[in-house]
Structures are given as C-alpha cells and as structure tokens.
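Source file: query25.cif; contents: mmCIF, C-alpha atoms.
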```cif
data_query
#
loop_
_atom_site.label_atom_id
_atom_site.label_comp_id
_atom_site.auth_asym_id
_atom_site.auth_seq_id
_atom_site.Cartn_x
_atom_site.Cartn_y
_atom_site.Cartn_z
CA MET A 1 -86.95 -119.07 -8.88
CA VAL A 2 -84.12 -117.30 -7.15
CA ASP A 3 -82.71 -119.16 -4.15
CA SER A 4 -81.95 -116.37 -1.69
CA ALA A 5 -79.59 -118.55 0.37
CA PHE A 6 -76.98 -117.91 -2.32
CA ALA A 7 -74.95 -114.73 -2.58
CA LYS A 8 -75.40 -113.15 -5.99
CA LEU A 9 -71.97 -111.72 -6.71
CA PRO A 10 -71.07 -109.34 -9.52
CA ALA A 11 -69.00 -110.80 -12.33
CA LEU A 12 -65.31 -110.95 -11.42
CA SER A 13 -62.55 -109.54 -13.58
CA ALA A 14 -59.02 -108.24 -13.12
CA GLU A 15 -60.52 -104.81 -12.37
CA SER A 16 -63.42 -106.09 -10.33
CA THR A 17 -62.35 -108.50 -7.62
CA CYS A 18 -63.98 -109.24 -4.31
CA TYR A 19 -63.13 -110.66 -0.91
CA ALA A 20 -64.64 -113.45 1.15
CA VAL A 21 -64.75 -113.47 4.94
CA ILE A 22 -65.13 -117.10 6.00
CA PHE A 23 -66.34 -117.43 9.58
CA SER A 24 -66.71 -120.93 10.98
CA SER A 25 -67.97 -121.45 14.49
CA ARG A 26 -69.22 -123.94 17.03
CA ARG A 27 -72.18 -122.73 19.08
CA SER A 28 -71.94 -123.19 22.82
CA ALA A 29 -74.28 -125.87 24.17
CA GLY A 30 -77.69 -124.73 25.42
CA GLU A 31 -80.03 -122.12 24.10
CA VAL A 32 -79.00 -118.50 24.37
CA GLU A 33 -82.02 -116.26 24.41
CA ASP A 34 -80.54 -113.32 22.57
CA TYR A 35 -78.65 -115.21 19.89
CA GLY A 36 -81.20 -115.51 17.08
CA ALA A 37 -82.44 -111.94 17.09
CA THR A 38 -78.92 -110.57 17.44
CA ALA A 39 -77.59 -112.70 14.59
CA ASP A 40 -80.47 -111.49 12.38
CA ARG A 41 -79.78 -107.90 13.38
CA MET A 42 -76.07 -108.26 12.54
CA GLU A 43 -76.89 -109.73 9.14
CA ALA A 44 -79.29 -106.87 8.36
CA LEU A 45 -76.69 -104.35 9.48
CA ALA A 46 -73.97 -105.99 7.35
CA ARG A 47 -76.23 -105.79 4.30
CA GLU A 48 -76.43 -101.99 4.74
CA GLN A 49 -72.67 -101.46 4.75
CA PRO A 50 -70.86 -99.94 1.77
CA GLY A 51 -69.06 -102.64 -0.19
CA PHE A 52 -71.22 -105.50 1.08
CA LEU A 53 -71.88 -107.92 -1.79
CA GLY A 54 -73.61 -110.93 -0.28
CA MET A 55 -73.74 -113.52 2.46
CA GLU A 56 -74.28 -117.26 2.75
CA SER A 57 -74.75 -119.18 5.96
CA ALA A 58 -75.37 -122.74 7.08
CA ARG A 59 -75.36 -124.33 10.53
CA ASP A 60 -75.83 -128.03 11.09
CA ALA A 61 -77.72 -129.80 13.85
CA SER A 62 -74.53 -130.27 15.89
CA GLY A 63 -74.05 -126.50 16.18
CA PHE A 64 -71.19 -126.18 13.71
CA GLY A 65 -71.75 -123.40 11.18
CA ILE A 66 -70.09 -121.54 8.35
CA THR A 67 -70.96 -117.99 7.28
CA VAL A 68 -69.28 -116.49 4.24
CA SER A 69 -69.74 -112.79 3.57
CA TYR A 70 -68.50 -111.14 0.39
CA TRP A 71 -67.11 -107.62 0.16
CA ARG A 72 -65.91 -105.32 -2.57
CA ASP A 73 -62.50 -104.68 -1.02
CA GLU A 74 -60.39 -104.79 2.13
CA ALA A 75 -61.47 -101.26 3.05
CA SER A 76 -65.12 -102.29 3.32
CA ILE A 77 -64.17 -105.32 5.45
CA LEU A 78 -62.21 -103.08 7.82
CA ALA A 79 -65.01 -100.51 8.00
CA TRP A 80 -67.44 -103.26 8.97
CA LYS A 81 -64.97 -104.63 11.50
CA HIS A 82 -64.85 -101.22 13.18
CA GLN A 83 -68.57 -100.46 12.94
CA ALA A 84 -69.53 -99.67 16.53
CA GLU A 85 -72.58 -101.87 17.07
CA HIS A 86 -70.97 -104.78 15.24
CA LYS A 87 -67.81 -104.45 17.30
CA THR A 88 -69.64 -104.54 20.62
CA THR A 89 -71.82 -107.45 19.55
CA ARG A 90 -68.91 -109.39 18.11
CA GLU A 91 -66.91 -109.12 21.32
CA TYR A 92 -69.89 -110.22 23.38
CA GLY A 93 -70.72 -113.03 20.98
CA ARG A 94 -67.24 -114.47 20.79
CA THR A 95 -67.17 -114.81 24.55
CA HIS A 96 -70.71 -116.06 25.08
CA TRP A 97 -71.90 -117.85 21.95
CA TYR A 98 -69.04 -119.88 20.57
CA THR A 99 -66.69 -122.49 21.99
CA HIS A 100 -64.47 -122.17 18.95
CA TYR A 101 -64.35 -120.00 15.85
CA GLU A 102 -62.03 -119.38 12.93
CA LEU A 103 -62.03 -116.42 10.62
CA ARG A 104 -60.27 -116.34 7.27
CA VAL A 105 -60.15 -113.45 4.83
CA ALA A 106 -59.54 -114.44 1.23
CA LYS A 107 -59.43 -112.75 -2.14
CA VAL A 108 -61.80 -114.38 -4.62
CA GLU A 109 -59.93 -115.31 -7.77
CA ARG A 110 -62.61 -117.04 -9.80
CA ALA A 111 -66.16 -118.24 -9.48
CA TYR A 112 -68.74 -120.28 -11.33
CA GLY A 113 -71.98 -122.08 -10.63
CA LYS A 114 -75.32 -123.32 -11.83
CA PRO A 115 -77.93 -122.27 -12.65
CA MET B 1 -60.34 -131.10 23.19
CA VAL B 2 -59.79 -130.63 19.48
CA ASP B 3 -62.97 -129.92 17.53
CA SER B 4 -62.44 -131.84 14.31
CA ALA B 5 -65.10 -129.87 12.45
CA PHE B 6 -62.51 -127.11 12.08
CA ALA B 7 -59.72 -127.15 9.53
CA LYS B 8 -56.36 -126.82 11.23
CA LEU B 9 -54.36 -124.72 8.79
CA PRO B 10 -50.64 -124.07 8.87
CA ALA B 11 -49.61 -120.55 9.86
CA LEU B 12 -49.84 -118.15 6.93
CA SER B 13 -47.03 -115.88 5.81
CA ALA B 14 -45.92 -114.14 2.66
CA GLU B 15 -44.06 -117.33 1.70
CA SER B 16 -46.73 -119.71 2.90
CA THR B 17 -50.18 -118.87 1.56
CA CYS B 18 -53.11 -121.13 0.94
CA TYR B 19 -56.31 -121.26 -1.08
CA ALA B 20 -59.92 -121.82 -0.14
CA VAL B 21 -62.46 -123.53 -2.38
CA ILE B 22 -65.89 -122.39 -1.20
CA PHE B 23 -68.65 -124.67 -2.45
CA SER B 24 -72.22 -123.73 -1.54
CA SER B 25 -75.09 -125.91 -2.63
CA ARG B 26 -78.76 -126.65 -2.27
CA ARG B 27 -79.61 -130.34 -2.10
CA SER B 28 -82.39 -131.55 -4.33
CA ALA B 29 -85.56 -132.49 -2.46
CA GLY B 30 -85.98 -136.12 -1.48
CA GLU B 31 -83.50 -138.66 -0.25
CA VAL B 32 -80.87 -139.87 -2.66
CA GLU B 33 -79.63 -143.28 -1.65
CA ASP B 34 -76.05 -142.89 -2.79
CA TYR B 35 -75.41 -139.35 -1.56
CA GLY B 36 -74.08 -139.86 1.97
CA ALA B 37 -71.63 -142.65 1.23
CA THR B 38 -70.39 -140.90 -1.89
CA ALA B 39 -69.89 -137.59 -0.11
CA ASP B 40 -67.92 -139.39 2.61
CA ARG B 41 -65.83 -141.17 -0.01
CA MET B 42 -65.08 -137.87 -1.79
CA GLU B 43 -64.02 -136.26 1.46
CA ALA B 44 -61.71 -139.16 2.29
CA LEU B 45 -60.24 -139.02 -1.21
CA ALA B 46 -59.71 -135.24 -0.99
CA ARG B 47 -57.83 -135.69 2.28
CA GLU B 48 -55.35 -138.00 0.51
CA GLN B 49 -54.47 -135.49 -2.22
CA PRO B 50 -51.14 -133.66 -2.25
CA GLY B 51 -51.61 -130.09 -1.08
CA PHE B 52 -54.84 -130.74 0.82
CA LEU B 53 -54.82 -128.75 4.08
CA GLY B 54 -58.25 -129.11 5.60
CA MET B 55 -62.01 -129.08 5.11
CA GLU B 56 -65.03 -127.67 6.91
CA SER B 57 -68.64 -128.40 6.09
CA ALA B 58 -72.09 -127.50 7.37
CA ARG B 59 -75.55 -128.17 5.93
CA ASP B 60 -78.72 -126.83 7.51
CA ALA B 61 -82.08 -128.53 7.83
CA SER B 62 -83.37 -126.81 4.68
CA GLY B 63 -80.71 -128.53 2.55
CA PHE B 64 -78.46 -125.51 2.05
CA GLY B 65 -74.82 -126.25 2.75
CA ILE B 66 -71.35 -124.79 2.57
CA THR B 67 -68.14 -126.79 2.26
CA VAL B 68 -64.81 -125.01 2.36
CA SER B 69 -61.69 -126.97 1.47
CA TYR B 70 -58.21 -125.53 1.88
CA TRP B 71 -55.28 -126.23 -0.42
CA ARG B 72 -51.62 -125.36 -0.54
CA ASP B 73 -51.73 -123.83 -4.02
CA GLU B 74 -53.63 -123.57 -7.28
CA ALA B 75 -51.77 -126.58 -8.67
CA SER B 76 -53.18 -128.85 -5.96
CA ILE B 77 -56.71 -127.52 -6.59
CA LEU B 78 -56.36 -128.25 -10.29
CA ALA B 79 -54.94 -131.72 -9.70
CA TRP B 80 -57.93 -132.53 -7.47
CA LYS B 81 -60.30 -131.09 -10.06
CA HIS B 82 -58.88 -133.50 -12.63
CA GLN B 83 -58.63 -136.52 -10.34
CA ALA B 84 -60.54 -139.18 -12.27
CA GLU B 85 -62.90 -140.53 -9.62
CA HIS B 86 -63.64 -137.06 -8.31
CA LYS B 87 -64.35 -135.79 -11.81
CA THR B 88 -66.85 -138.53 -12.59
CA THR B 89 -68.58 -138.18 -9.24
CA ARG B 90 -68.69 -134.40 -9.45
CA GLU B 91 -70.35 -134.46 -12.84
CA TYR B 92 -72.91 -136.97 -11.65
CA GLY B 93 -73.52 -135.10 -8.43
CA ARG B 94 -73.99 -131.72 -10.00
CA THR B 95 -76.73 -133.11 -12.18
CA HIS B 96 -78.46 -135.30 -9.62
CA TRP B 97 -77.86 -133.90 -6.15
CA TYR B 98 -78.10 -130.14 -6.33
CA THR B 99 -80.66 -127.67 -7.61
CA HIS B 100 -78.11 -124.88 -7.35
CA TYR B 101 -74.44 -124.58 -6.49
CA GLU B 102 -71.76 -121.93 -6.51
CA LEU B 103 -68.03 -122.45 -6.39
CA ARG B 104 -65.53 -119.75 -5.54
CA VAL B 105 -61.77 -120.10 -5.37
CA ALA B 106 -60.06 -117.58 -3.13
CA LYS B 107 -56.55 -116.89 -1.88
CA VAL B 108 -56.41 -116.75 1.91
CA GLU B 109 -54.78 -113.52 3.01
CA ARG B 110 -55.06 -113.71 6.78
CA ALA B 111 -56.63 -115.85 9.46
CA TYR B 112 -57.24 -115.90 13.18
CA GLY B 113 -59.46 -117.64 15.67
CA LYS B 114 -60.00 -118.97 19.15
CA PRO B 115 -59.03 -121.08 20.93
#
```

Can you dump the structure from the file as structure tokens?
Amino acid sequence: MVDSAFAKLPALSAESTCYAVIFSSRRSAGEVEDYGATADRMEALAREQPGFLGMESARDASGFGITVSYWRDEASILAWKHQAEHKTTREYGRTHWYTHYELRVAKVERAYGKP
Amino acid sequence: MVDSAFAKLPALSAESTCYAVIFSSRRSAGEVEDYGATADRMEALAREQPGFLGMESARDASGFGITVSYWRDEASILAWKHQAEHKTTREYGRTHWYTHYELRVAKVERAYGKP
C-alpha cells in the first residue's frame, strides 16, 4: 500500500536533480480559525505548479513542524515564491501563524529508502 | 527566548556551505519499548560528532515524522554513517521501527528565517 505521506520523487541522476525547500516553523499559541483550510489550500496550489515534485509534512503536539517540498529546479521554486495567492498568504501567515520559522533551500544530491 | 527545536546554523557563504540529511519515516504501529530512549541516545551521539551543526525533528500523531540534521560537509555525514553504535542501531531500527522511510542528502544553498 502506498503511504501518501511520503513524496515520491523521480530517480536522481547527474542530469536529473531536484531541490528541497525545508520549512520549519513553530505555530503561535491558540487556535487560528483560518489556518487549517488555508494550509490545505496552499498545499493544493503548490501541487499544481510546474516543477512541483512532492511534499512531506509533520507537526508535533507542541506546535513545531517541518514541511519539505521538492521541486525540479530553482526556477520552479522562484515561480512558486512569486505566485500571487501564495505570496499574499505567506506574508499574512508569517506574521500571524508562526512565532519562529526557518527556510532552507537545498539541492538534493542522493536519495534512498524502503520500501 | 531561544526555541531549541530549531537548528541554529552558521551563516552560509560560498566558502561555508552545509548539508542537510532529510529523514522521513513512518513508525510501525504499536509501542516499542526501546524506541524513545534509543532515539534520544542517537540524537545525543549525533550532536557529539565532528561537523554536526544542528537537528530538527517533528512527528505527528499518525506516526509520520521528519528529522533534518545539518552537517558541515559530506565527510562528516559519512563518518556519522559509519559510526559503530549508530550503524548497529540504524540497522536494527530500520527493520523494527519503521514501515517506510526515505533519506535524502542535500546541499544547502541558501537560508533565511525569523526571528
């Protein structure tokens, strides 16, 4: 059975690399009414972008979470960064939803797993 | 107040890069007595290794988790991979603790965050 929490990436090679955007964040205390639906909407929108390869996400009970999205190249990451709805939401979210976040962009050099 | 869930990485530059090891995993169903203490021990051991820069980890209520560790260079990742206690534990853990895991090694190209 396929576990859909995992990103299914294409095989990597010298000609076929990919990039990871690692976003770690601490949710602000208290429930925010619009967070869940907006986060779902942003994930659905990301999945429609050219160059999107996959996404994995986990948040623990303390409110600390990590989301890793995978992209074909830097150009697709930049296009997503400048996508209008994403840009507006991101700016709102970073002010209202998180006490702290870190974003790291990294080029995937190798990968393996099971099964 | 410093939020210790976040890895505090040195500033990146052309001369000072770093690497991320992104480990995503699904815990097997049911409690495993030795998991928590062993995971803590592995994290403490990783923190002692040369070239270790930081670690972030989140696991959700469904058992899906992401751990990202940051390292100075490929050599420090390989040394940790071959560290004897880590190697034994990793092989045991991958058989007994996870139904699925993926590991990706990536070179961090840029980073930013708040605060």

*Find the residues of chain B in contact range of chain A, meaning any atom within 12 Å when counting all atoms listed in the file, and list them as an MDAnalysis selection string.*
chainID B and resid 1:9 11:12 17:27 55:70 74 94:95 98:115

*Using all atoms listed in the file, which residues sit within 9 Å of Gln49 in chain A once same-chain residues fewer than 3 positions away are excluded, as a PyMOL selection string?*
chain A and resi 45-46+52+76+79-80

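Picture a line from CA of Gly51 in chain B to CA of Ala75 in chain B; it runs 8.4 Å.
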
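CA of Leu78 in chain B is found 23.3 Å from CA of Ser16 in chain A.
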
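Shortest atom-to-atom contact with Tyr35 in chain B among B:His96, B:Ser13, B:Pro50, B:Glu85: B:His96, counting only C-alpha atoms.
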
*Once the PyMOL selection byres ((chain B and resi 89) around 12) has been applied to the shown file, what residues remain in the selection, as a PyMOL selection string?*
chain B and resi 34-35+37-43+45+81-88+90-97

_Would you compute the distance between CA of Ala14 in chain A and CA of Ala14 in chain B? Give it in Å to one decimal._
21.3 Å

Calculate, to one decimal in Å, the centre and edge lengths of the box along x, y and z of the file that holds all listed atoms of range 40-53 of chain B with 4 Å of margin on each side, and present them as lines of an AutoDock Vina configuration file.
```
center_x = -59.5
center_y = -135.0
center_z = 0.9
size_x = 24.8
size_y = 20.4
size_z = 14.3
```

Filled-in N, CA and C atoms of range 46-68 of chain A, supplied as a PDB file, in the coordinates of the input:
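And here's result-v7.pdb as it stands now:
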```pdb
ATOM      1  N   ALA A  46     -75.032-105.727   8.335  1.00  0.00           N
ATOM      2  CA  ALA A  46     -73.970-105.990   7.350  1.00  0.00           C
ATOM      3  C   ALA A  46     -74.450-105.628   5.945  1.00  0.00           C
ATOM      4  N   ARG A  47     -75.696-106.010   5.647  1.00  0.00           N
ATOM      5  CA  ARG A  47     -76.230-105.790   4.300  1.00  0.00           C
ATOM      6  C   ARG A  47     -76.334-104.303   3.949  1.00  0.00           C
ATOM      7  N   GLU A  48     -76.353-103.449   4.974  1.00  0.00           N
ATOM      8  CA  GLU A  48     -76.430-101.990   4.740  1.00  0.00           C
ATOM      9  C   GLU A  48     -75.064-101.343   4.522  1.00  0.00           C
ATOM     10  N   GLN A  49     -73.996-102.095   4.784  1.00  0.00           N
ATOM     11  CA  GLN A  49     -72.670-101.460   4.750  1.00  0.00           C
ATOM     12  C   GLN A  49     -72.197-101.236   3.311  1.00  0.00           C
ATOM     13  N   PRO A  50     -71.467-100.155   3.092  1.00  0.00           N
ATOM     14  CA  PRO A  50     -70.860 -99.940   1.770  1.00  0.00           C
ATOM     15  C   PRO A  50     -69.892-101.074   1.438  1.00  0.00           C
ATOM     16  N   GLY A  51     -69.974-101.583   0.234  1.00  0.00           N
ATOM     17  CA  GLY A  51     -69.060-102.640  -0.190  1.00  0.00           C
ATOM     18  C   GLY A  51     -69.533-104.039   0.106  1.00  0.00           C
ATOM     19  N   PHE A  52     -70.666-104.164   0.824  1.00  0.00           N
ATOM     20  CA  PHE A  52     -71.220-105.500   1.080  1.00  0.00           C
ATOM     21  C   PHE A  52     -71.776-106.075  -0.228  1.00  0.00           C
ATOM     22  N   LEU A  53     -71.431-107.328  -0.535  1.00  0.00           N
ATOM     23  CA  LEU A  53     -71.880-107.920  -1.790  1.00  0.00           C
ATOM     24  C   LEU A  53     -72.832-109.105  -1.610  1.00  0.00           C
ATOM     25  N   GLY A  54     -72.737-109.773  -0.471  1.00  0.00           N
ATOM     26  CA  GLY A  54     -73.610-110.930  -0.280  1.00  0.00           C
ATOM     27  C   GLY A  54     -73.165-111.761   0.890  1.00  0.00           C
ATOM     28  N   MET A  55     -74.037-112.692   1.293  1.00  0.00           N
ATOM     29  CA  MET A  55     -73.740-113.520   2.460  1.00  0.00           C
ATOM     30  C   MET A  55     -74.411-114.874   2.302  1.00  0.00           C
ATOM     31  N   GLU A  56     -73.713-115.912   2.729  1.00  0.00           N
ATOM     32  CA  GLU A  56     -74.280-117.260   2.750  1.00  0.00           C
ATOM     33  C   GLU A  56     -73.985-117.862   4.113  1.00  0.00           C
ATOM     34  N   SER A  57     -74.902-118.673   4.608  1.00  0.00           N
ATOM     35  CA  SER A  57     -74.750-119.180   5.960  1.00  0.00           C
ATOM     36  C   SER A  57     -75.436-120.529   6.103  1.00  0.00           C
ATOM     37  N   ALA A  58     -74.761-121.443   6.782  1.00  0.00           N
ATOM     38  CA  ALA A  58     -75.370-122.740   7.080  1.00  0.00           C
ATOM     39  C   ALA A  58     -74.860-123.211   8.432  1.00  0.00           C
ATOM     40  N   ARG A  59     -75.771-123.738   9.250  1.00  0.00           N
ATOM     41  CA  ARG A  59     -75.360-124.330  10.530  1.00  0.00           C
ATOM     42  C   ARG A  59     -76.036-125.685  10.654  1.00  0.00           C
ATOM     43  N   ASP A  60     -75.255-126.691  11.023  1.00  0.00           N
ATOM     44  CA  ASP A  60     -75.830-128.030  11.090  1.00  0.00           C
ATOM     45  C   ASP A  60     -76.414-128.307  12.485  1.00  0.00           C
ATOM     46  N   ALA A  61     -77.011-129.467  12.615  1.00  0.00           N
ATOM     47  CA  ALA A  61     -77.720-129.800  13.850  1.00  0.00           C
ATOM     48  C   ALA A  61     -76.777-129.921  15.044  1.00  0.00           C
ATOM     49  N   SER A  62     -75.498-130.144  14.789  1.00  0.00           N
ATOM     50  CA  SER A  62     -74.530-130.270  15.890  1.00  0.00           C
ATOM     51  C   SER A  62     -74.083-128.920  16.435  1.00  0.00           C
ATOM     52  N   GLY A  63     -74.455-127.826  15.722  1.00  0.00           N
ATOM     53  CA  GLY A  63     -74.050-126.500  16.180  1.00  0.00           C
ATOM     54  C   GLY A  63     -72.836-125.934  15.464  1.00  0.00           C
ATOM     55  N   PHE A  64     -72.317-126.690  14.495  1.00  0.00           N
ATOM     56  CA  PHE A  64     -71.190-126.180  13.710  1.00  0.00           C
ATOM     57  C   PHE A  64     -71.740-125.419  12.498  1.00  0.00           C
ATOM     58  N   GLY A  65     -71.229-124.215  12.268  1.00  0.00           N
ATOM     59  CA  GLY A  65     -71.750-123.400  11.180  1.00  0.00           C
ATOM     60  C   GLY A  65     -70.657-122.673  10.426  1.00  0.00           C
ATOM     61  N   ILE A  66     -70.987-122.326   9.193  1.00  0.00           N
ATOM     62  CA  ILE A  66     -70.090-121.540   8.350  1.00  0.00           C
ATOM     63  C   ILE A  66     -70.896-120.374   7.784  1.00  0.00           C
ATOM     64  N   THR A  67     -70.379-119.162   7.923  1.00  0.00           N
ATOM     65  CA  THR A  67     -70.960-117.990   7.280  1.00  0.00           C
ATOM     66  C   THR A  67     -69.881-117.370   6.394  1.00  0.00           C
ATOM     67  N   VAL A  68     -70.216-117.162   5.137  1.00  0.00           N
ATOM     68  CA  VAL A  68     -69.280-116.490   4.240  1.00  0.00           C
ATOM     69  C   VAL A  68     -69.926-115.182   3.802  1.00  0.00           C
TER      70      VAL A  68
END
```
